Amino acid sequence: IPQKWQDNAKTTLQKWGVKKDQPIVFINHIAKNPRRSWKLDQVRELIELMQKTAKWEDTFFIINGIPEIFPEIEALIKTHNLQNTKPFSALDNFFELPAMLKECDLVISVETAVMHLANAVHVPVIALMRIKTLEWVPLNEALTTLIFTPKRADVISDIPASRVVENLPENPLGDRSTHE
């Protein structure tokens, strides 16, 4: 990742007011195929559930989305008063995405390239996947928690937010204690 984009990610987090020791969770809920996407309301539910737990209550959340859905994400954040939550999209360069992922402590993603990029930048990932796509699991098993749909015919939105909460890591900051 070019240094320019790493610096850009750090600057963005500072502008957002992320504290040095605050856990950062990146949520990628959207894929081109609606069968591979989670609903935005499920993202809201996940954030609310996590904020109700002592370990995750101070977490900063980044909701990934294409620019076309930014107004919807911003409305969700405002309507539900989701604290410590911002929308994100790589608008200027591909490297914005892996640079931001690298700054996070956890990535929660549907079955898209984001889950593989999280592995590539060595950030733990919870991958929401359909049983029928086993061949696409992220390769780094040590950094990956897989949550599959209950049945082969199910879609990603059949995975409830509560299952993600049940699979959260014990330590919100993982192996890192600071964001430098």
# chains A, B, ... in the order shown; residues from 1 in each chain; ligands from 1
>>> select_by_dssp(residues="stretch 13-179 of chain A", states="helix (DSSP H, G or I)", output="ChimeraX atom specification")
/A:13-16,34-36,40-51,67-79,96-102,113-120,131-136,141-143,156-158,161-166
>>> residues_around(residues="stretch 23-32 of chain A", least_positions_apart="4", cutoff="6 Å", atoms="only C-alpha atoms", output="PyMOL selection string")
chain A and resi 36-38+59-64+104-110+172-173
>>> write_last_selection(atoms="all heavy atoms", output="compact mmCIF listing (two decimals), in the first residue's frame")
# COMPACT_ATOMS: atom_id res chain seq x y z
N ARG A 36 -25.72 -11.95 -2.05
CA ARG A 36 -24.47 -11.95 -1.30
C ARG A 36 -24.36 -10.75 -0.37
O ARG A 36 -23.31 -10.51 0.21
CB ARG A 36 -23.29 -11.96 -2.28
CG ARG A 36 -23.20 -13.24 -3.07
CD ARG A 36 -22.14 -13.19 -4.18
NE ARG A 36 -20.91 -12.58 -3.74
CZ ARG A 36 -20.16 -11.79 -4.51
NH1 ARG A 36 -20.52 -11.51 -5.74
NH2 ARG A 36 -19.03 -11.30 -4.06
N SER A 37 -25.43 -9.98 -0.24
CA SER A 37 -25.41 -8.76 0.57
C SER A 37 -26.19 -8.94 1.87
O SER A 37 -27.13 -9.73 1.94
CB SER A 37 -26.02 -7.59 -0.21
OG SER A 37 -25.23 -7.26 -1.32
N TRP A 38 -25.79 -8.17 2.85
CA TRP A 38 -26.51 -8.05 4.10
C TRP A 38 -27.36 -6.81 3.99
O TRP A 38 -27.03 -5.89 3.23
CB TRP A 38 -25.49 -7.89 5.23
CG TRP A 38 -25.73 -8.69 6.46
CD1 TRP A 38 -26.41 -9.86 6.57
CD2 TRP A 38 -25.25 -8.38 7.76
NE1 TRP A 38 -26.39 -10.30 7.86
CE2 TRP A 38 -25.67 -9.41 8.62
CE3 TRP A 38 -24.50 -7.34 8.29
CZ2 TRP A 38 -25.38 -9.42 9.98
CZ3 TRP A 38 -24.20 -7.36 9.64
CH2 TRP A 38 -24.64 -8.40 10.47
N THR A 59 -16.40 1.15 20.53
CA THR A 59 -15.88 0.87 19.20
C THR A 59 -16.28 1.95 18.21
O THR A 59 -17.38 2.50 18.27
CB THR A 59 -16.41 -0.50 18.72
OG1 THR A 59 -15.94 -1.50 19.63
CG2 THR A 59 -15.95 -0.84 17.32
N PHE A 60 -15.38 2.23 17.28
CA PHE A 60 -15.67 3.12 16.16
C PHE A 60 -16.01 2.24 14.96
O PHE A 60 -15.26 1.31 14.63
CB PHE A 60 -14.47 4.01 15.83
CG PHE A 60 -14.83 5.12 14.89
CD1 PHE A 60 -15.26 6.34 15.38
CD2 PHE A 60 -14.80 4.94 13.52
CE1 PHE A 60 -15.62 7.37 14.52
CE2 PHE A 60 -15.16 5.95 12.65
CZ PHE A 60 -15.57 7.17 13.16
N PHE A 61 -17.13 2.51 14.31
CA PHE A 61 -17.60 1.69 13.19
C PHE A 61 -17.48 2.44 11.87
O PHE A 61 -17.84 3.62 11.78
CB PHE A 61 -19.06 1.27 13.40
CG PHE A 61 -19.24 0.38 14.59
CD1 PHE A 61 -19.57 0.91 15.83
CD2 PHE A 61 -19.09 -0.99 14.47
CE1 PHE A 61 -19.74 0.08 16.93
CE2 PHE A 61 -19.25 -1.82 15.57
CZ PHE A 61 -19.57 -1.28 16.80
N ILE A 62 -17.00 1.74 10.87
CA ILE A 62 -16.92 2.27 9.52
C ILE A 62 -17.81 1.39 8.65
O ILE A 62 -17.61 0.18 8.58
CB ILE A 62 -15.48 2.24 8.99
CG1 ILE A 62 -14.56 3.07 9.89
CG2 ILE A 62 -15.43 2.73 7.54
CD1 ILE A 62 -13.08 2.89 9.61
N ILE A 63 -18.81 2.00 8.03
CA ILE A 63 -19.72 1.25 7.15
C ILE A 63 -19.29 1.52 5.71
O ILE A 63 -19.38 2.64 5.22
CB ILE A 63 -21.19 1.66 7.35
CG1 ILE A 63 -21.61 1.47 8.81
CG2 ILE A 63 -22.09 0.86 6.41
CD1 ILE A 63 -23.01 2.01 9.13
N ASN A 64 -18.82 0.48 5.05
CA ASN A 64 -18.38 0.59 3.66
C ASN A 64 -19.58 0.61 2.72
O ASN A 64 -20.56 -0.11 2.93
CB ASN A 64 -17.48 -0.60 3.31
CG ASN A 64 -16.80 -0.43 1.97
OD1 ASN A 64 -16.24 0.61 1.67
ND2 ASN A 64 -16.84 -1.48 1.17
N CYS A 104 -7.84 -0.96 10.84
CA CYS A 104 -8.93 -1.51 11.64
C CYS A 104 -8.47 -2.68 12.51
O CYS A 104 -7.45 -3.31 12.24
CB CYS A 104 -10.07 -1.94 10.73
SG CYS A 104 -10.82 -0.54 9.85
N ASP A 105 -9.26 -2.96 13.53
CA ASP A 105 -8.98 -4.08 14.41
C ASP A 105 -9.78 -5.31 14.02
O ASP A 105 -9.42 -6.43 14.38
CB ASP A 105 -9.30 -3.69 15.86
CG ASP A 105 -8.41 -2.55 16.30
OD1 ASP A 105 -7.20 -2.78 16.46
OD2 ASP A 105 -8.92 -1.43 16.45
N LEU A 106 -10.87 -5.10 13.29
CA LEU A 106 -11.72 -6.20 12.85
C LEU A 106 -12.47 -5.75 11.60
O LEU A 106 -12.93 -4.61 11.52
CB LEU A 106 -12.74 -6.56 13.95
CG LEU A 106 -13.77 -7.64 13.62
CD1 LEU A 106 -13.10 -8.99 13.39
CD2 LEU A 106 -14.80 -7.74 14.74
N VAL A 107 -12.58 -6.67 10.66
CA VAL A 107 -13.39 -6.45 9.46
C VAL A 107 -14.51 -7.47 9.48
O VAL A 107 -14.27 -8.66 9.71
CB VAL A 107 -12.54 -6.59 8.17
CG1 VAL A 107 -13.42 -6.52 6.93
CG2 VAL A 107 -11.45 -5.52 8.13
N ILE A 108 -15.72 -7.00 9.27
CA ILE A 108 -16.88 -7.88 9.14
C ILE A 108 -17.38 -7.68 7.72
O ILE A 108 -17.76 -6.57 7.35
CB ILE A 108 -17.97 -7.54 10.17
CG1 ILE A 108 -17.42 -7.70 11.60
CG2 ILE A 108 -19.21 -8.42 9.95
CD1 ILE A 108 -18.30 -7.13 12.69
N SER A 109 -17.33 -8.75 6.91
CA SER A 109 -17.62 -8.58 5.49
C SER A 109 -18.42 -9.73 4.93
O SER A 109 -18.22 -10.89 5.29
CB SER A 109 -16.31 -8.46 4.70
OG SER A 109 -16.58 -8.30 3.32
N VAL A 110 -19.29 -9.37 3.99
CA VAL A 110 -19.96 -10.39 3.18
C VAL A 110 -18.92 -10.92 2.19
O VAL A 110 -17.80 -10.42 2.12
CB VAL A 110 -21.20 -9.81 2.45
CG1 VAL A 110 -22.22 -9.33 3.46
CG2 VAL A 110 -20.81 -8.68 1.50
N PRO A 172 -11.20 -6.67 21.65
CA PRO A 172 -11.53 -5.76 20.54
C PRO A 172 -10.31 -5.19 19.82
O PRO A 172 -10.36 -4.91 18.64
CB PRO A 172 -12.32 -4.64 21.22
CG PRO A 172 -12.91 -5.28 22.42
CD PRO A 172 -11.87 -6.28 22.88
N LEU A 173 -9.20 -5.01 20.52
CA LEU A 173 -8.01 -4.46 19.89
C LEU A 173 -7.11 -5.54 19.30
O LEU A 173 -6.06 -5.23 18.74
CB LEU A 173 -7.21 -3.61 20.89
CG LEU A 173 -7.84 -2.28 21.26
CD1 LEU A 173 -7.05 -1.59 22.36
CD2 LEU A 173 -7.98 -1.37 20.06
>>> select_by_dssp(residues="chain A", states="strand (DSSP E)", output="tab-separated table (two decimals) with all heavy atoms, in the first residue's frame")
chain	number	residue	atom	x	y	z
A	24	ILE	N	-11.54	-0.23	16.17
A	24	ILE	CA	-12.15	0.17	14.91
A	24	ILE	C	-12.64	-1.08	14.19
A	24	ILE	O	-11.87	-2.01	13.96
A	24	ILE	CB	-11.16	0.93	14.01
A	24	ILE	CG1	-10.58	2.14	14.73
A	24	ILE	CG2	-11.82	1.34	12.69
A	24	ILE	CD1	-9.42	2.80	14.00
A	25	VAL	N	-13.93	-1.08	13.84
A	25	VAL	CA	-14.54	-2.20	13.12
A	25	VAL	C	-15.04	-1.68	11.77
A	25	VAL	O	-15.80	-0.72	11.71
A	25	VAL	CB	-15.69	-2.85	13.92
A	25	VAL	CG1	-16.40	-3.90	13.07
A	25	VAL	CG2	-15.16	-3.47	15.20
A	26	PHE	N	-14.61	-2.34	10.71
A	26	PHE	CA	-15.00	-2.01	9.34
A	26	PHE	C	-16.06	-3.01	8.92
A	26	PHE	O	-15.84	-4.22	8.99
A	26	PHE	CB	-13.76	-2.14	8.44
A	26	PHE	CG	-13.97	-1.66	7.03
A	26	PHE	CD1	-13.56	-0.40	6.65
A	26	PHE	CD2	-14.53	-2.49	6.07
A	26	PHE	CE1	-13.72	0.04	5.34
A	26	PHE	CE2	-14.69	-2.07	4.76
A	26	PHE	CZ	-14.29	-0.80	4.39
A	27	ILE	N	-17.23	-2.52	8.51
A	27	ILE	CA	-18.32	-3.40	8.11
A	27	ILE	C	-18.60	-3.22	6.62
A	27	ILE	O	-18.93	-2.12	6.17
A	27	ILE	CB	-19.61	-3.11	8.92
A	27	ILE	CG1	-19.34	-3.27	10.42
A	27	ILE	CG2	-20.74	-4.04	8.46
A	27	ILE	CD1	-20.49	-2.83	11.31
A	28	ASN	N	-18.46	-4.31	5.88
A	28	ASN	CA	-18.78	-4.32	4.45
A	28	ASN	C	-19.99	-5.21	4.26
A	28	ASN	O	-19.89	-6.43	4.32
A	28	ASN	CB	-17.60	-4.85	3.63
A	28	ASN	CG	-17.94	-4.91	2.16
A	28	ASN	OD1	-18.31	-3.92	1.56
A	28	ASN	ND2	-17.85	-6.09	1.60
A	60	PHE	N	-15.38	2.23	17.28
A	60	PHE	CA	-15.67	3.12	16.16
A	60	PHE	C	-16.01	2.24	14.96
A	60	PHE	O	-15.26	1.31	14.63
A	60	PHE	CB	-14.47	4.01	15.83
A	60	PHE	CG	-14.83	5.12	14.89
A	60	PHE	CD1	-15.26	6.34	15.38
A	60	PHE	CD2	-14.80	4.94	13.52
A	60	PHE	CE1	-15.62	7.37	14.52
A	60	PHE	CE2	-15.16	5.95	12.65
A	60	PHE	CZ	-15.57	7.17	13.16
A	61	PHE	N	-17.13	2.51	14.31
A	61	PHE	CA	-17.60	1.69	13.19
A	61	PHE	C	-17.48	2.44	11.87
A	61	PHE	O	-17.84	3.62	11.78
A	61	PHE	CB	-19.06	1.27	13.40
A	61	PHE	CG	-19.24	0.38	14.59
A	61	PHE	CD1	-19.57	0.91	15.83
A	61	PHE	CD2	-19.09	-0.99	14.47
A	61	PHE	CE1	-19.74	0.08	16.93
A	61	PHE	CE2	-19.25	-1.82	15.57
A	61	PHE	CZ	-19.57	-1.28	16.80
A	62	ILE	N	-17.00	1.74	10.87
A	62	ILE	CA	-16.92	2.27	9.52
A	62	ILE	C	-17.81	1.39	8.65
A	62	ILE	O	-17.61	0.18	8.58
A	62	ILE	CB	-15.48	2.24	8.99
A	62	ILE	CG1	-14.56	3.07	9.89
A	62	ILE	CG2	-15.43	2.73	7.54
A	62	ILE	CD1	-13.08	2.89	9.61
A	63	ILE	N	-18.81	2.00	8.03
A	63	ILE	CA	-19.72	1.25	7.15
A	63	ILE	C	-19.29	1.52	5.71
A	63	ILE	O	-19.38	2.64	5.22
A	63	ILE	CB	-21.19	1.66	7.35
A	63	ILE	CG1	-21.61	1.47	8.81
A	63	ILE	CG2	-22.09	0.86	6.41
A	63	ILE	CD1	-23.01	2.01	9.13
A	64	ASN	N	-18.82	0.48	5.05
A	64	ASN	CA	-18.38	0.59	3.66
A	64	ASN	C	-19.58	0.61	2.72
A	64	ASN	O	-20.56	-0.11	2.93
A	64	ASN	CB	-17.48	-0.60	3.31
A	64	ASN	CG	-16.80	-0.43	1.97
A	64	ASN	OD1	-16.24	0.61	1.67
A	64	ASN	ND2	-16.84	-1.48	1.17
A	85	THR	N	-19.81	6.27	14.31
A	85	THR	CA	-20.07	5.54	13.07
A	85	THR	C	-19.98	6.48	11.88
A	85	THR	O	-20.58	7.56	11.90
A	85	THR	CB	-21.46	4.88	13.10
A	85	THR	OG1	-21.57	4.07	14.28
A	85	THR	CG2	-21.69	4.01	11.88
A	86	LYS	N	-19.22	6.07	10.86
A	86	LYS	CA	-19.06	6.88	9.65
A	86	LYS	C	-19.16	6.00	8.40
A	86	LYS	O	-18.76	4.84	8.42
A	86	LYS	CB	-17.69	7.57	9.63
A	86	LYS	CG	-17.52	8.65	10.65
A	86	LYS	CD	-18.30	9.88	10.30
A	86	LYS	CE	-18.00	11.01	11.27
A	86	LYS	NZ	-18.80	12.18	11.01
A	87	PRO	N	-19.67	6.56	7.30
A	87	PRO	CA	-19.65	5.84	6.03
A	87	PRO	C	-18.28	5.99	5.37
A	87	PRO	O	-17.56	6.95	5.62
A	87	PRO	CB	-20.73	6.54	5.21
A	87	PRO	CG	-20.75	7.94	5.75
A	87	PRO	CD	-20.37	7.84	7.20
A	88	PHE	N	-17.93	5.03	4.52
A	88	PHE	CA	-16.64	5.06	3.82
A	88	PHE	C	-16.79	4.47	2.43
A	88	PHE	O	-17.55	3.53	2.21
A	88	PHE	CB	-15.60	4.23	4.59
A	88	PHE	CG	-14.30	4.07	3.84
A	88	PHE	CD1	-13.34	5.06	3.87
A	88	PHE	CD2	-14.07	2.93	3.08
A	88	PHE	CE1	-12.15	4.92	3.17
A	88	PHE	CE2	-12.88	2.79	2.37
A	88	PHE	CZ	-11.93	3.78	2.42
A	106	LEU	N	-10.87	-5.10	13.29
A	106	LEU	CA	-11.72	-6.20	12.85
A	106	LEU	C	-12.47	-5.75	11.60
A	106	LEU	O	-12.93	-4.61	11.52
A	106	LEU	CB	-12.74	-6.56	13.95
A	106	LEU	CG	-13.77	-7.64	13.62
A	106	LEU	CD1	-13.10	-8.99	13.39
A	106	LEU	CD2	-14.80	-7.74	14.74
A	107	VAL	N	-12.58	-6.67	10.66
A	107	VAL	CA	-13.39	-6.45	9.46
A	107	VAL	C	-14.51	-7.47	9.48
A	107	VAL	O	-14.27	-8.66	9.71
A	107	VAL	CB	-12.54	-6.59	8.17
A	107	VAL	CG1	-13.42	-6.52	6.93
A	107	VAL	CG2	-11.45	-5.52	8.13
A	108	ILE	N	-15.72	-7.00	9.27
A	108	ILE	CA	-16.88	-7.88	9.14
A	108	ILE	C	-17.38	-7.68	7.72
A	108	ILE	O	-17.76	-6.57	7.35
A	108	ILE	CB	-17.97	-7.54	10.17
A	108	ILE	CG1	-17.42	-7.70	11.60
A	108	ILE	CG2	-19.21	-8.42	9.95
A	108	ILE	CD1	-18.30	-7.13	12.69
A	109	SER	N	-17.33	-8.75	6.91
A	109	SER	CA	-17.62	-8.58	5.49
A	109	SER	C	-18.42	-9.73	4.93
A	109	SER	O	-18.22	-10.89	5.29
A	109	SER	CB	-16.31	-8.46	4.70
A	109	SER	OG	-16.58	-8.30	3.32
A	110	VAL	N	-19.29	-9.37	3.99
A	110	VAL	CA	-19.96	-10.39	3.18
A	110	VAL	C	-18.92	-10.92	2.19
A	110	VAL	O	-17.80	-10.42	2.12
A	110	VAL	CB	-21.20	-9.81	2.45
A	110	VAL	CG1	-22.22	-9.33	3.46
A	110	VAL	CG2	-20.81	-8.68	1.50
A	125	VAL	N	-10.87	-11.04	10.30
A	125	VAL	CA	-12.09	-10.84	9.53
A	125	VAL	C	-13.14	-11.86	9.96
A	125	VAL	O	-12.82	-13.02	10.20
A	125	VAL	CB	-11.84	-10.92	8.01
A	125	VAL	CG1	-11.32	-12.28	7.59
A	125	VAL	CG2	-13.09	-10.58	7.22
A	126	ILE	N	-14.37	-11.40	10.07
A	126	ILE	CA	-15.52	-12.29	10.20
A	126	ILE	C	-16.18	-12.26	8.84
A	126	ILE	O	-16.66	-11.21	8.39
A	126	ILE	CB	-16.50	-11.83	11.30
A	126	ILE	CG1	-15.83	-11.91	12.67
A	126	ILE	CG2	-17.77	-12.69	11.26
A	126	ILE	CD1	-16.69	-11.40	13.82
A	127	ALA	N	-16.15	-13.40	8.16
A	127	ALA	CA	-16.67	-13.50	6.79
A	127	ALA	C	-18.06	-14.13	6.81
A	127	ALA	O	-18.23	-15.25	7.30
A	127	ALA	CB	-15.72	-14.32	5.93
A	128	LEU	N	-19.04	-13.40	6.28
A	128	LEU	CA	-20.41	-13.90	6.17
A	128	LEU	C	-20.55	-14.52	4.79
A	128	LEU	O	-20.43	-13.83	3.78
A	128	LEU	CB	-21.41	-12.76	6.36
A	128	LEU	CG	-21.21	-11.88	7.59
A	128	LEU	CD1	-22.26	-10.78	7.64
A	128	LEU	CD2	-21.23	-12.70	8.85
A	129	MET	N	-20.79	-15.84	4.76
A	129	MET	CA	-20.75	-16.56	3.49
A	129	MET	C	-21.91	-17.52	3.32
A	129	MET	O	-22.48	-18.00	4.29
A	129	MET	CB	-19.44	-17.33	3.37
A	129	MET	CG	-18.21	-16.45	3.41
A	129	MET	SD	-16.71	-17.37	3.06
A	129	MET	CE	-16.98	-17.74	1.32
A	144	THR	N	-9.29	-15.60	10.25
A	144	THR	CA	-10.63	-15.63	9.68
A	144	THR	C	-11.61	-16.43	10.53
A	144	THR	O	-11.32	-17.56	10.92
A	144	THR	CB	-10.59	-16.25	8.26
A	144	THR	OG1	-9.66	-15.51	7.47
A	144	THR	CG2	-11.96	-16.21	7.60
A	145	THR	N	-12.76	-15.82	10.79
A	145	THR	CA	-13.89	-16.52	11.39
A	145	THR	C	-14.97	-16.58	10.33
A	145	THR	O	-15.36	-15.56	9.77
A	145	THR	CB	-14.42	-15.75	12.62
A	145	THR	OG1	-13.36	-15.65	13.58
A	145	THR	CG2	-15.62	-16.45	13.24
A	146	LEU	N	-15.42	-17.80	10.02
A	146	LEU	CA	-16.44	-17.99	8.99
A	146	LEU	C	-17.81	-18.17	9.62
A	146	LEU	O	-17.96	-18.95	10.57
A	146	LEU	CB	-16.11	-19.21	8.14
A	146	LEU	CG	-14.77	-19.17	7.40
A	146	LEU	CD1	-14.46	-20.54	6.81
A	146	LEU	CD2	-14.80	-18.10	6.32
A	147	ILE	N	-18.79	-17.46	9.09
A	147	ILE	CA	-20.18	-17.65	9.49
A	147	ILE	C	-20.95	-17.95	8.22
A	147	ILE	O	-21.03	-17.11	7.33
A	147	ILE	CB	-20.77	-16.42	10.20
A	147	ILE	CG1	-19.96	-16.08	11.46
A	147	ILE	CG2	-22.24	-16.66	10.54
A	147	ILE	CD1	-20.43	-14.83	12.18
A	148	PHE	N	-21.47	-19.17	8.14
A	148	PHE	CA	-22.18	-19.59	6.94
A	148	PHE	C	-23.70	-19.48	7.13
A	148	PHE	O	-24.21	-19.57	8.25
A	148	PHE	CB	-21.84	-21.04	6.60
A	148	PHE	CG	-20.45	-21.20	6.05
A	148	PHE	CD1	-19.44	-21.69	6.86
A	148	PHE	CD2	-20.16	-20.86	4.75
A	148	PHE	CE1	-18.15	-21.84	6.36
A	148	PHE	CE2	-18.88	-21.00	4.24
A	148	PHE	CZ	-17.87	-21.49	5.06
>>> residues_around(residues="stretch 1-4 of chain A", least_positions_apart="6", cutoff="8 Å", atoms="only C-alpha atoms", output="ChimeraX atom specification")
/A:95,98-99
>>> write_last_selection(atoms="all heavy atoms", output="short mmCIF file (atom, residue, chain, number, x, y, z; two decimals), in the first residue's frame")
data_model
loop_
_atom_site.label_atom_id
_atom_site.label_comp_id
_atom_site.auth_asym_id
_atom_site.auth_seq_id
_atom_site.Cartn_x
_atom_site.Cartn_y
_atom_site.Cartn_z
N PHE A 95 -6.25 1.92 -3.49
CA PHE A 95 -5.48 1.70 -2.27
C PHE A 95 -6.10 2.33 -1.03
O PHE A 95 -5.69 2.03 0.08
CB PHE A 95 -4.04 2.17 -2.46
CG PHE A 95 -3.24 1.24 -3.33
CD1 PHE A 95 -2.84 1.63 -4.58
CD2 PHE A 95 -2.90 -0.03 -2.88
CE1 PHE A 95 -2.11 0.78 -5.40
CE2 PHE A 95 -2.18 -0.89 -3.68
CZ PHE A 95 -1.78 -0.49 -4.94
N PRO A 98 -7.64 -0.89 1.05
CA PRO A 98 -6.75 -1.69 1.92
C PRO A 98 -6.05 -0.84 2.97
O PRO A 98 -5.78 -1.34 4.08
CB PRO A 98 -5.76 -2.33 0.94
CG PRO A 98 -5.87 -1.58 -0.32
CD PRO A 98 -7.25 -1.00 -0.35
N ALA A 99 -5.78 0.44 2.67
CA ALA A 99 -5.16 1.29 3.68
C ALA A 99 -6.08 1.48 4.88
O ALA A 99 -5.63 1.44 6.03
CB ALA A 99 -4.79 2.64 3.06
#
>>> atom_distance(atom1="atom CA of A:Ser89", atom2="atom CA of A:Lys19")
21.0 Å
>>> closest_residue(among="A:Val164, A:Ile131, A:Leu76, A:Leu82", to="A:Pro150", atoms="only C-alpha atoms")
A:Ile131
>>> residues_around(residues="A:His116", least_positions_apart="4", cutoff="9 Å", atoms="only C-alpha atoms", output="list in words")
Glu111, Thr112, Ala120, Val121, Val125, Val137, Pro138, Leu139 and Asn140 of chain A
>>> write_last_selection(atoms="all heavy atoms", output="JSON list (two decimals), in the first residue's frame")
[["chain", "number", "residue", "atom", "x", "y", "z"],
["A", 111, "GLU", "N", -19.30, -11.94, 1.43],
["A", 111, "GLU", "CA", -18.35, -12.62, 0.56],
["A", 111, "GLU", "C", -17.97, -11.80, -0.68],
["A", 111, "GLU", "O", -18.46, -12.02, -1.77],
["A", 111, "GLU", "CB", -18.89, -14.00, 0.17],
["A", 111, "GLU", "CG", -20.31, -13.98, -0.37],
["A", 111, "GLU", "CD", -20.87, -15.35, -0.64],
["A", 111, "GLU", "OE1", -20.63, -16.29, 0.13],
["A", 111, "GLU", "OE2", -21.57, -15.48, -1.66],
["A", 112, "THR", "N", -17.07, -10.84, -0.44],
["A", 112, "THR", "CA", -16.53, -10.01, -1.52],
["A", 112, "THR", "C", -15.02, -9.94, -1.35],
["A", 112, "THR", "O", -14.46, -10.52, -0.41],
["A", 112, "THR", "CB", -17.09, -8.56, -1.47],
["A", 112, "THR", "OG1", -16.61, -7.94, -0.28],
["A", 112, "THR", "CG2", -18.60, -8.54, -1.53],
["A", 120, "ALA", "N", -5.09, -10.00, 3.53],
["A", 120, "ALA", "CA", -3.85, -9.51, 2.92],
["A", 120, "ALA", "C", -3.15, -8.47, 3.79],
["A", 120, "ALA", "O", -1.92, -8.39, 3.80],
["A", 120, "ALA", "CB", -4.12, -8.94, 1.53],
["A", 121, "VAL", "N", -3.93, -7.66, 4.52],
["A", 121, "VAL", "CA", -3.32, -6.65, 5.39],
["A", 121, "VAL", "C", -3.25, -7.12, 6.84],
["A", 121, "VAL", "O", -2.97, -6.34, 7.75],
["A", 121, "VAL", "CB", -4.03, -5.27, 5.27],
["A", 121, "VAL", "CG1", -3.90, -4.72, 3.87],
["A", 121, "VAL", "CG2", -5.48, -5.34, 5.71],
["A", 125, "VAL", "N", -10.87, -11.04, 10.30],
["A", 125, "VAL", "CA", -12.09, -10.84, 9.53],
["A", 125, "VAL", "C", -13.14, -11.86, 9.96],
["A", 125, "VAL", "O", -12.82, -13.02, 10.20],
["A", 125, "VAL", "CB", -11.84, -10.92, 8.01],
["A", 125, "VAL", "CG1", -11.32, -12.28, 7.59],
["A", 125, "VAL", "CG2", -13.09, -10.58, 7.22],
["A", 137, "VAL", "N", -13.55, -19.15, 0.52],
["A", 137, "VAL", "CA", -13.20, -18.75, 1.88],
["A", 137, "VAL", "C", -11.82, -18.07, 1.89],
["A", 137, "VAL", "O", -10.94, -18.43, 1.12],
["A", 137, "VAL", "CB", -13.22, -19.93, 2.88],
["A", 137, "VAL", "CG1", -14.60, -20.54, 2.99],
["A", 137, "VAL", "CG2", -12.18, -20.95, 2.55],
["A", 138, "PRO", "N", -11.64, -17.08, 2.76],
["A", 138, "PRO", "CA", -10.31, -16.45, 2.89],
["A", 138, "PRO", "C", -9.26, -17.49, 3.29],
["A", 138, "PRO", "O", -9.55, -18.44, 4.02],
["A", 138, "PRO", "CB", -10.52, -15.41, 3.98],
["A", 138, "PRO", "CG", -11.98, -15.11, 3.94],
["A", 138, "PRO", "CD", -12.63, -16.42, 3.59],
["A", 139, "LEU", "N", -8.05, -17.32, 2.80],
["A", 139, "LEU", "CA", -7.02, -18.34, 2.98],
["A", 139, "LEU", "C", -6.36, -18.35, 4.35],
["A", 139, "LEU", "O", -5.91, -19.39, 4.80],
["A", 139, "LEU", "CB", -5.93, -18.16, 1.90],
["A", 139, "LEU", "CG", -6.41, -18.38, 0.47],
["A", 139, "LEU", "CD1", -5.28, -18.09, -0.52],
["A", 139, "LEU", "CD2", -6.95, -19.79, 0.28],
["A", 140, "ASN", "N", -6.29, -17.22, 5.03],
["A", 140, "ASN", "CA", -5.62, -17.16, 6.32],
["A", 140, "ASN", "C", -6.59, -17.58, 7.43],
["A", 140, "ASN", "O", -7.32, -16.75, 7.98],
["A", 140, "ASN", "CB", -5.07, -15.77, 6.58],
["A", 140, "ASN", "CG", -4.18, -15.71, 7.79],
["A", 140, "ASN", "OD1", -4.34, -16.49, 8.74],
["A", 140, "ASN", "ND2", -3.25, -14.78, 7.80]]
>>> atom_distance(atom1="atom CA of A:Lys20", atom2="atom CA of A:Asp58")
11.9 Å
>>> residues_around(residues="A:Pro160", least_positions_apart="4", cutoff="10 Å", atoms="only C-alpha atoms", output="PDB file with N, CA and C atoms, in the first residue's frame")
ATOM      1  N   TRP A  38     -25.788  -8.168   2.852  1.00  0.00           N
ATOM      2  CA  TRP A  38     -26.509  -8.054   4.101  1.00  0.00           C
ATOM      3  C   TRP A  38     -27.356  -6.808   3.990  1.00  0.00           C
ATOM      4  N   GLN A  42     -29.511  -4.681   9.141  1.00  0.00           N
ATOM      5  CA  GLN A  42     -28.747  -5.667   9.904  1.00  0.00           C
ATOM      6  C   GLN A  42     -27.445  -5.056  10.413  1.00  0.00           C
ATOM      7  N   VAL A  43     -26.862  -4.171   9.617  1.00  0.00           N
ATOM      8  CA  VAL A  43     -25.664  -3.454  10.049  1.00  0.00           C
ATOM      9  C   VAL A  43     -26.002  -2.608  11.273  1.00  0.00           C
ATOM     10  N   GLU A  45     -28.425  -3.085  13.417  1.00  0.00           N
ATOM     11  CA  GLU A  45     -28.654  -3.979  14.553  1.00  0.00           C
ATOM     12  C   GLU A  45     -27.336  -4.476  15.140  1.00  0.00           C
ATOM     13  N   LEU A  46     -26.391  -4.825  14.281  1.00  0.00           N
ATOM     14  CA  LEU A  46     -25.085  -5.292  14.752  1.00  0.00           C
ATOM     15  C   LEU A  46     -24.384  -4.208  15.562  1.00  0.00           C
ATOM     16  N   THR A 149     -24.383 -19.346   6.008  1.00  0.00           N
ATOM     17  CA  THR A 149     -25.840 -19.391   6.024  1.00  0.00           C
ATOM     18  C   THR A 149     -26.260 -20.776   6.523  1.00  0.00           C
ATOM     19  N   ILE A 156     -27.139 -14.308   2.178  1.00  0.00           N
ATOM     20  CA  ILE A 156     -26.360 -13.737   3.285  1.00  0.00           C
ATOM     21  C   ILE A 156     -27.247 -13.052   4.326  1.00  0.00           C
ATOM     22  N   VAL A 164     -23.212 -12.882  14.468  1.00  0.00           N
ATOM     23  CA  VAL A 164     -21.937 -12.170  14.369  1.00  0.00           C
ATOM     24  C   VAL A 164     -21.453 -11.820  15.774  1.00  0.00           C
ATOM     25  N   VAL A 165     -22.343 -11.313  16.597  1.00  0.00           N
ATOM     26  CA  VAL A 165     -21.975 -10.955  17.971  1.00  0.00           C
ATOM     27  C   VAL A 165     -21.447 -12.179  18.722  1.00  0.00           C
TER      28      VAL A 165
END
>>> atom_distance(atom1="atom CA of A:Pro124", atom2="atom CA of A:Leu168")
10.1 Å
>>> closest_residue(among="A:Glu48, A:Leu134, A:Ala161, A:Ala54", to="A:Asn84", atoms="only C-alpha atoms")
A:Glu48
